[in-house]
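Okay, structure first, notes after.
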Amino acid sequence: MPTLGADMEAGTLVAWRKQPGDALHRGDTLAEVDTEKGVIDVEVFHDGVLDAILVPAGTRVPVGTPLATIRAAGEPAAAPVAAAPAAVPVPPGPPETGEVQPAAAVAPTLPLPTPPLYAPALDALGRLRISPSARRLARELGVDPRLVKGTGREGAIARADIQRTAAGLPAAPQAVAPVAPAVAPPAAPPSADRLDRMRRTIAAAMSRSKREIPHYYLSTTIDLHRAMSRLDCENERRPPEKRLLAGVMLLKAAAMAIREVPELNAVWEGERVVVKPVVHVGVAISLRQGGLVILALHDTASRSLDDLMDGLRDLTARARAGRMKSSELADSTITVTSLGDRGVDAVWGVIYPPQVAIVGFGKIVERPWAMDGGLFVRRVVTATLAADHRVSDGHRGGLYLDAVDRLLQEPERL
Amino acid sequence: MPTLTYREAVRQAIRAALAGDDRVLLVGEDVGRYGGAYACSKGLLEEFGPERVRDAPLSESGFVGAGIGAAIGGLRPIVEVMTINFSLLALDQIVNNAATLRHMSGGQVGVPLVIRMATGAGRQVAAQHSHSLEVWYAHVPGLKVLAPATPHDARHMLAAALADPDPVVIVEHAMLYATEGEVEESPAALDPWHAAVRREGRDVTLVTSGGSLAKTLAAAERLAADSIDAEVIDLRCLRPLDADRIVASVAKTHRAVVVDEGWKTCGLAAEISAILMERAFYDLDVPVARVASAEVPIPYAKHLEDAALPSVDRIVAAVKGLA
Amino acid sequence: MNDEGKIRATVLEILGGIAPEADLAALAPDANFRRELDLDSMDFQNFVIRVCKALAVHIPDRDAAQLTTVAKCIDYLR
Amino acid sequence: MTGALAKSHAHAMLRQMLLIRRFEERSAELYMQGKIRGFLHLGIGEEAVAVGAIAALDAEDRIVAAYREHAHAIARGVSPGAVMAEMFGKVTGCCRGRGGSMHLFDVGRGLFGGNAIVAGGMPLAVGLALADRMQGRPHVTCCFFGDGAVAEGEFHESLNLAALWRLPVLFLCENNFYAMGTALERHQSMPRIHRKGAAYGIEAAVVDGMDVLAVEGAVRLAVEIVRSTNEPYLLEARTYRFRAHSMYDAELYRPKEEVERWRKRGPLEIFPRQLRGWGLLDDAEWESLERDVAAEVEAAVAEAEAAPWEPVEDLERDLLVAPAGHEPGPARREP
């Protein structure tokens with residue numbers, strides 16, 4: 001049962017997409033798993049043959065429980081009497097898909113300008129550093145370990161930390177529901193229950209982010225005349241299914257601009273910030289009836305607009321169908337939220353941990369625009385940046401937004 | 001209840017065995033006229049005669065192998081290999097014959113033999129006389145290994161070992177012979193195969209055996225002064241290990257430190273740490289710590305030997321270092 | 001040419017596919033369904049794509065932007 | 001040759017040697033078919049030592065042998081079927097398939113094993129004799145070992161202990177002149193092995209190991225001395241193996257002519273010739289012996305083929321009598 005993020009304790013196996021004996025290739029979907037965030041496709045990371053299924057559909061198991069065994073092609077099937085394999089912890093966190101060089105090896109580590117107030121107790125792969133006994137106690141006492149300050153080595157969370165937090169919690173109902181409610185009321189309709197759980201999961205991440213990360217905010221208004229006219233004439237010549245959305249251009253510009261200020265494309269790993277060499281823009285996708293999920297549009301900066309459009313369409317469709325891939329949930333290195341054609345002029349984002357920056361695009365609107373002494377009517381967009389002041393500062397953030405602006409003035413280069 | 005030295009407890013145990021069963025004989029270097037290298041058989045030659053208290057030539061493989069053959073032939077020999085260091089010369093006989101014959105012969109041949117040997121360091125006798133290799137024997141299926149740490153266990157474990165139809169190795173830490181302790185005269189048949197809790201505690205489990213018990217208890221007292229309540233477990237039996245007792249204790253304390261005079265690499269402490277990882281993983285609040293001898297041949301100079309061996313200070317530091 | 005009833009049925013069916021939870025009966029013909037059904041630009045593009053396919057028509061990008069109510073759709077597609 | 005040689009006794013020994021010869025030839029074949037695995041050391045050419053010596057032992061005497069011990073097991077009465085099944089790894093083998101060719105045991109018949117460690121069994125023989133003497137039993141322990149074992153410490157420790165403690169051990173060296181690939185004179189400063197007894201005050205003798213009657217006579221005399229004096233005895237039987245040390249041996253260490261020379265005076269050449277000379281064997285009798293032996297060997301192979309394997313569930317059976325409480329249990333099944 002892959003861990004799909006620090007907040008996931010368990011998952012329910014919904015359905016098997018492969019049967020024993022099926023050939024497996026890297027990237028195939030092996031099974032579907034339901035989590036707070038919806039149904040996730042469990043990916044296979046290496047070729048082989050599905051040997052035996054260990055967890056039947058409909059079963060809820062904790063993170064790390066082996067779901068199936070895979071044997072190399074050509075190996076004989078495992079003997080039926082094979083003893084139940086001991087609980088083998090899945091390597092924490094999904095591996096970087098598409099990454100050639102390990103991020104840590106290449107990324108320069110930034111000297112921190114100021115000692116961190118409190119870094120989340122995350123280990124190198126974004127897993128919570130918590131002792132097994134403390135994890136069990138947290139479950140028993142209904143404490144969300146992500147909100148606990150660890151006093152152990154390198155911020156590890158120990159039993160005492162859990163007990164202290166449990167004792168310190170206000171008498172009011174927990175700010176965050178226990179991670180695994182003892183008895184999930186079956187009466188609530190699944191979608192409402194899921195929405196509630198999702199809302200709680202997002203609430204936990206956002207409140208921690210707001211409380212712990214010193215945000216600074218910048219905004220600029222960008223003239224989209226050239227970009228939009230190029231888009232319009234492009235779309236004229238294309239059938240509906242091939243037409244490009246303005247949002248895709250904004251996403252790509254936001255990704256390409258990282259070249260100028262790489263430290264914005266980084267994630268916290270324990271006490272250190274690791275700048276990621278490849279940009280995976282986390283696209284904020286709103287779901288029907290409210291709710292939001294951030295999915296990585298992999299390698300955003302180097303893909304064509306058409307490729308990104310297809311990627312975005314696929315992500316959006318699967319997000320709304322509740323079928324997301326584990327790598328999409330965990331890989332984003334910087335988030336872009338855009339309100340598109342509804343909503344307001346500007347959106348000020350809240351950074352999504354463990355990232356260090358979030359870019360916002362408001363509605364594309366027509367505005368009077370003074371240029372070269374003349375007054376014109378131009379379609380413009382307000383671009384905002386909210387970033388972690390421990391990692392970058394206003395000057396660097398400004399350079400970034402300026403770069404986004406310049407890129408949008410040469411749409412042919414996107 | 002009388003107080004005996006560990007040495008006297010061993011002597012009384014051997015004497016009682018010889019007196020109680022005429023199949024029993026004691027074979028070993030200088031066990032007869034010399035009275036035993038650690039004086040554990042003084043007076044037995046005079047009382048039982050040269051046939052049953054038999055001085056052996058310096059042929060460890062020879063007389064240990066002969067002991068095995070005699071056990072197969074119906075006797076109940078107690079073979080004393082002066083120290084575990086010399087038992088290396090008889091390893092082939094112990095491992096390839098004693099431990100193996102019953103299983104390999106399909107159940108036809110049993111080896112009801114007891115092999116006693118001194119072990120451990122602390123008397124500045126340098127590397128070749130200071131080994132703690134009991135884990136080598138504890139590694140071998142077909143053998144049982146006992147480590148009496150107190151005069152009481154030294155007095156009563158031998159009888160249980162002799163009654164066992166399979167080979168039993170008893171390791172007696174050289175520094176214990178001079179220690180004293182209460183010895184209950186004739187308890188109900190002593191069960192040597194399980195660990196004992198020598199000190200109850202709630203905060204951390206200290207697992208140890210043989211010559212390291214005293215240091216570990218001393219460390220527990222020092223920790224108590226810092227309001228750390230340590231539970232001390234004396235393994236008593238190194239094979240089979242009383243895993244249930246260790247796991248139960250860690251389920252209570254959530255912390256474990258293993259103290260063993262052997263070396264850390266592939267040592268007894270490594271085995272106990274693996275058992276805890278497998279069977280008490282969800283009870284562990286911190287990684288299991290091990291306090292063992294430094295990975296060096298034990299040196300002669302006192303200050304170096306003391307630095308190499310587990311000490312009260314190192315045990316206390318290990319407990320406080322748990323995080 | 002497609003008659004009015006077929007167009008309405010198709011448009012509503014497609015809108016239902018995109019916003020399954022929406023109460024289409026309550027959707028007035030001249031109501032801006034992009035706002036009523038909370039469709040974002042991706043949803044609207046999918047709507048245009050499916051209409052073209054269902055009714056085998058071609059809607060240039062420029063015209064597509066006008067199709068914001070069921071009534072306008074019917075006028076345009078008739 | 002003292003006393004009239006009963007024809008029946010002669011034929012019995014001849015039949016035993018022939019049975020052992022055909023049994024081991026068939027074993028070589030089965031090894032190459034993969035039916036017998038691991039190591040296989042054939043004593044083809046040395047049959048007279050085991051058959052002659054064991055013919056001179058009492059039923060209660062004890063035998064400790066080494067890893068070239070098919071002949072000793074069969075000569076002692078272990079059924080060829082039980083030996084073959086053991087080499088097939090079957091549960092009907094004399095050790096339930098756990099020992100294989102190098103570890104044949106039959107405690108009921110006083111065979112305390114093969115032993116794959118060179119000279120590994122010698123101290124055991126000393127111990128067995130110690131137990132017999134201390135418990136007033138008149139048995140002799142006959143300890144078979146090869147010339148290679150003479151280089152091991154256990155040889156010297158065992159002879160010294162047996163002499164020092166005056167124990168009834170017959171140390172019988174099957175000197176086939178090669179320790180695997182090393183000729184005797186290349187691994188022994190004093191290649192006349194029987195002379196090593198003198199170092200420990202042990203009476204010793206040498207005998208032609210190819211002549212079964214000579215071996216039987218020498219062992220009968222030696223056992224007589226041991227049983228009466230409770231002193232150990234060292235007998236060197238000079239013999240030769242016609243095949244490789246084990247199945248995988250290119251025999252680069254000895255000349256072909258030497259092998260041929262010894263083949264001409266093998267135990268199954270000398271004894272039949274002697275018997276024919278004394279009118280105690282004719283062609284018809286020889287043919288019927290051959291047929292009889294061939295049938296017994298094939299029956300042994302069939303028995304081994306058909307026999308079942310030991311169930312894997314019995315893997316830990318017979319490790320210990322009393323597991324003594326806590327074996328390290330299997331890891332607790334986490335939910």
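In the structure tokens, chains take letters A, B, ... by order of appearance, with residues numbered from 1 within each chain and ligands from 1 in the order shown.
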DSSP alpha helix (DSSP H) residues within region 11-110 of chain D, listed as number ranges by chain
D: 11-32, 47-55, 70-76, 80-88
Can you write out as a tab-separated table which residues of chain B fall within 8 Å of chain D, alongside each residue's closest atom pair and its distance in Å to one decimal, counting only C-alpha atoms and ordering rows by chain and ascending residue number?
```
residue	atom	partner	partner_atom	distance
B:Glu51	CA	D:Met134	CA	7.8
B:Pro57	CA	D:Leu161	CA	7.6
B:Ser59	CA	D:Glu157	CA	5.8
B:Ser61	CA	D:Glu154	CA	6.6
B:Gly62	CA	D:Pro123	CA	5.2
B:Phe63	CA	D:Pro123	CA	7.0
B:Val64	CA	D:Pro123	CA	7.8
B:Gly65	CA	D:Pro123	CA	4.6
B:Ala66	CA	D:Gly127	CA	3.7
B:Gly67	CA	D:Gly127	CA	5.7
B:Ile68	CA	D:Leu124	CA	6.2
B:Gly69	CA	D:Gly127	CA	3.9
B:Ala70	CA	D:Gly127	CA	4.1
B:Ala71	CA	D:Ala131	CA	7.6
B:Ile72	CA	D:Leu128	CA	6.9
B:Gly73	CA	D:Leu128	CA	5.1
B:Gly74	CA	D:Ala131	CA	6.5
B:Leu75	CA	D:Ala131	CA	6.0
B:Asp92	CA	D:Gly120	CA	7.8
B:Gln93	CA	D:Gly120	CA	7.0
B:Thr100	CA	D:Leu319	CA	7.9
B:Arg102	CA	D:Asp318	CA	6.1
B:His103	CA	D:Leu319	CA	4.9
B:Met104	CA	D:Arg98	CA	5.1
B:Ser105	CA	D:Cys95	CA	4.7
B:Gly106	CA	D:Cys95	CA	4.4
B:Gly107	CA	D:Asp318	CA	5.1
B:Gln108	CA	D:Val107	CA	6.4
B:Val109	CA	D:Val107	CA	7.2
B:Pro141	CA	D:Leu319	CA	7.4
B:Gly142	CA	D:Leu319	CA	5.6
B:Asp164	CA	D:Ala322	CA	7.5
B:Pro165	CA	D:Val321	CA	6.6
B:Asp166	CA	D:Leu320	CA	6.3
B:Trp193	CA	D:Ala324	CA	6.3
B:His194	CA	D:Gly325	CA	7.5
B:Arg239	CA	D:Glu327	CA	7.9
B:Pro240	CA	D:Glu327	CA	5.2
B:Leu241	CA	D:Pro328	CA	6.3
B:Asp242	CA	D:His326	CA	5.8
B:Ala243	CA	D:Pro328	CA	6.3
B:Asp244	CA	D:His326	CA	7.9
B:Ile275	CA	D:Ala331	CA	7.8
B:Glu278	CA	D:Ala331	CA	5.6
B:Arg279	CA	D:Arg332	CA	5.5
```
Could you jot down the CA of Arg238 (chain D) to CA of Met17 (chain D) separation for me, Å, one decimal place?
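Going from CA of Arg238 (chain D) over to CA of Met17 (chain D), I get 16.8 Å.
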Need the shell around region 253-260 of chain A: protein/DNA/RNA residues with any atom at most 10 Å away, counting only C-alpha atoms. Skip same-chain ones fewer than 6 positions apart. Format as a ChimeraX atom specification?
/A:247,277-281,299-302,334-336,359-361,383,396-397,399-408,411,413-414
Near chain B, 6 Å: chain A residue rows, closest pairs, only C-alpha atoms, as JSON lines:
```
{"residue": "A:Ser131", "atom": "CA", "partner": "B:Asp285", "partner_atom": "CA", "distance": 5.1}
{"residue": "A:Pro132", "atom": "CA", "partner": "B:Tyr282", "partner_atom": "CA", "distance": 4.9}
{"residue": "A:Ser133", "atom": "CA", "partner": "B:Asp283", "partner_atom": "CA", "distance": 4.8}
{"residue": "A:Gly152", "atom": "CA", "partner": "B:Ala323", "partner_atom": "CA", "distance": 5.3}
{"residue": "A:Arg153", "atom": "CA", "partner": "B:Ala323", "partner_atom": "CA", "distance": 5.8}
```
Those residues with N, CA, C and O atoms, as a PDB file, in the first residue's frame please?
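Listed below is the output, part.pdb:
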```
ATOM      1  N   SER A 131       8.204   7.394  15.724  1.00  0.00           N
ATOM      2  CA  SER A 131       8.499   6.001  16.116  1.00  0.00           C
ATOM      3  C   SER A 131       7.233   5.164  15.943  1.00  0.00           C
ATOM      4  O   SER A 131       6.107   5.661  16.034  1.00  0.00           O
ATOM      5  N   PRO A 132       7.439   3.862  15.697  1.00  0.00           N
ATOM      6  CA  PRO A 132       6.273   2.995  15.487  1.00  0.00           C
ATOM      7  C   PRO A 132       5.310   3.058  16.670  1.00  0.00           C
ATOM      8  O   PRO A 132       4.091   3.122  16.505  1.00  0.00           O
ATOM      9  N   SER A 133       5.895   3.121  17.846  1.00  0.00           N
ATOM     10  CA  SER A 133       5.032   3.111  19.038  1.00  0.00           C
ATOM     11  C   SER A 133       4.264   4.427  19.137  1.00  0.00           C
ATOM     12  O   SER A 133       3.073   4.438  19.458  1.00  0.00           O
ATOM     13  N   GLY A 152      12.502  14.283  19.391  1.00  0.00           N
ATOM     14  CA  GLY A 152      13.562  13.267  19.269  1.00  0.00           C
ATOM     15  C   GLY A 152      14.665  13.734  18.327  1.00  0.00           C
ATOM     16  O   GLY A 152      14.691  14.896  17.881  1.00  0.00           O
ATOM     17  N   ARG A 153      15.542  12.759  17.968  1.00  0.00           N
ATOM     18  CA  ARG A 153      16.679  13.106  17.098  1.00  0.00           C
ATOM     19  C   ARG A 153      16.128  13.552  15.748  1.00  0.00           C
ATOM     20  O   ARG A 153      15.233  12.953  15.185  1.00  0.00           O
TER      21      ARG A 153
END
```
Residue hits in chain A, query chain C, radius 12 Å, only C-alpha atoms, as an MDAnalysis selection string
chainID A and resid 191 229 231:248 285:290 309:310 312:317 320:321 338:343 363:364
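The coordinates place CA of Pro262 (chain A) at 22.5 Å from CA of Val347 (chain A).
When DSSP is run on the backbone, the residues of region 193-267 of chain A that fall into strand (DSSP E or B) are His215, Tyr216, Tyr217, Leu218, Ser219, Thr220, Thr221, Ile222, Asp223, Ala266 and Val267 of chain A.
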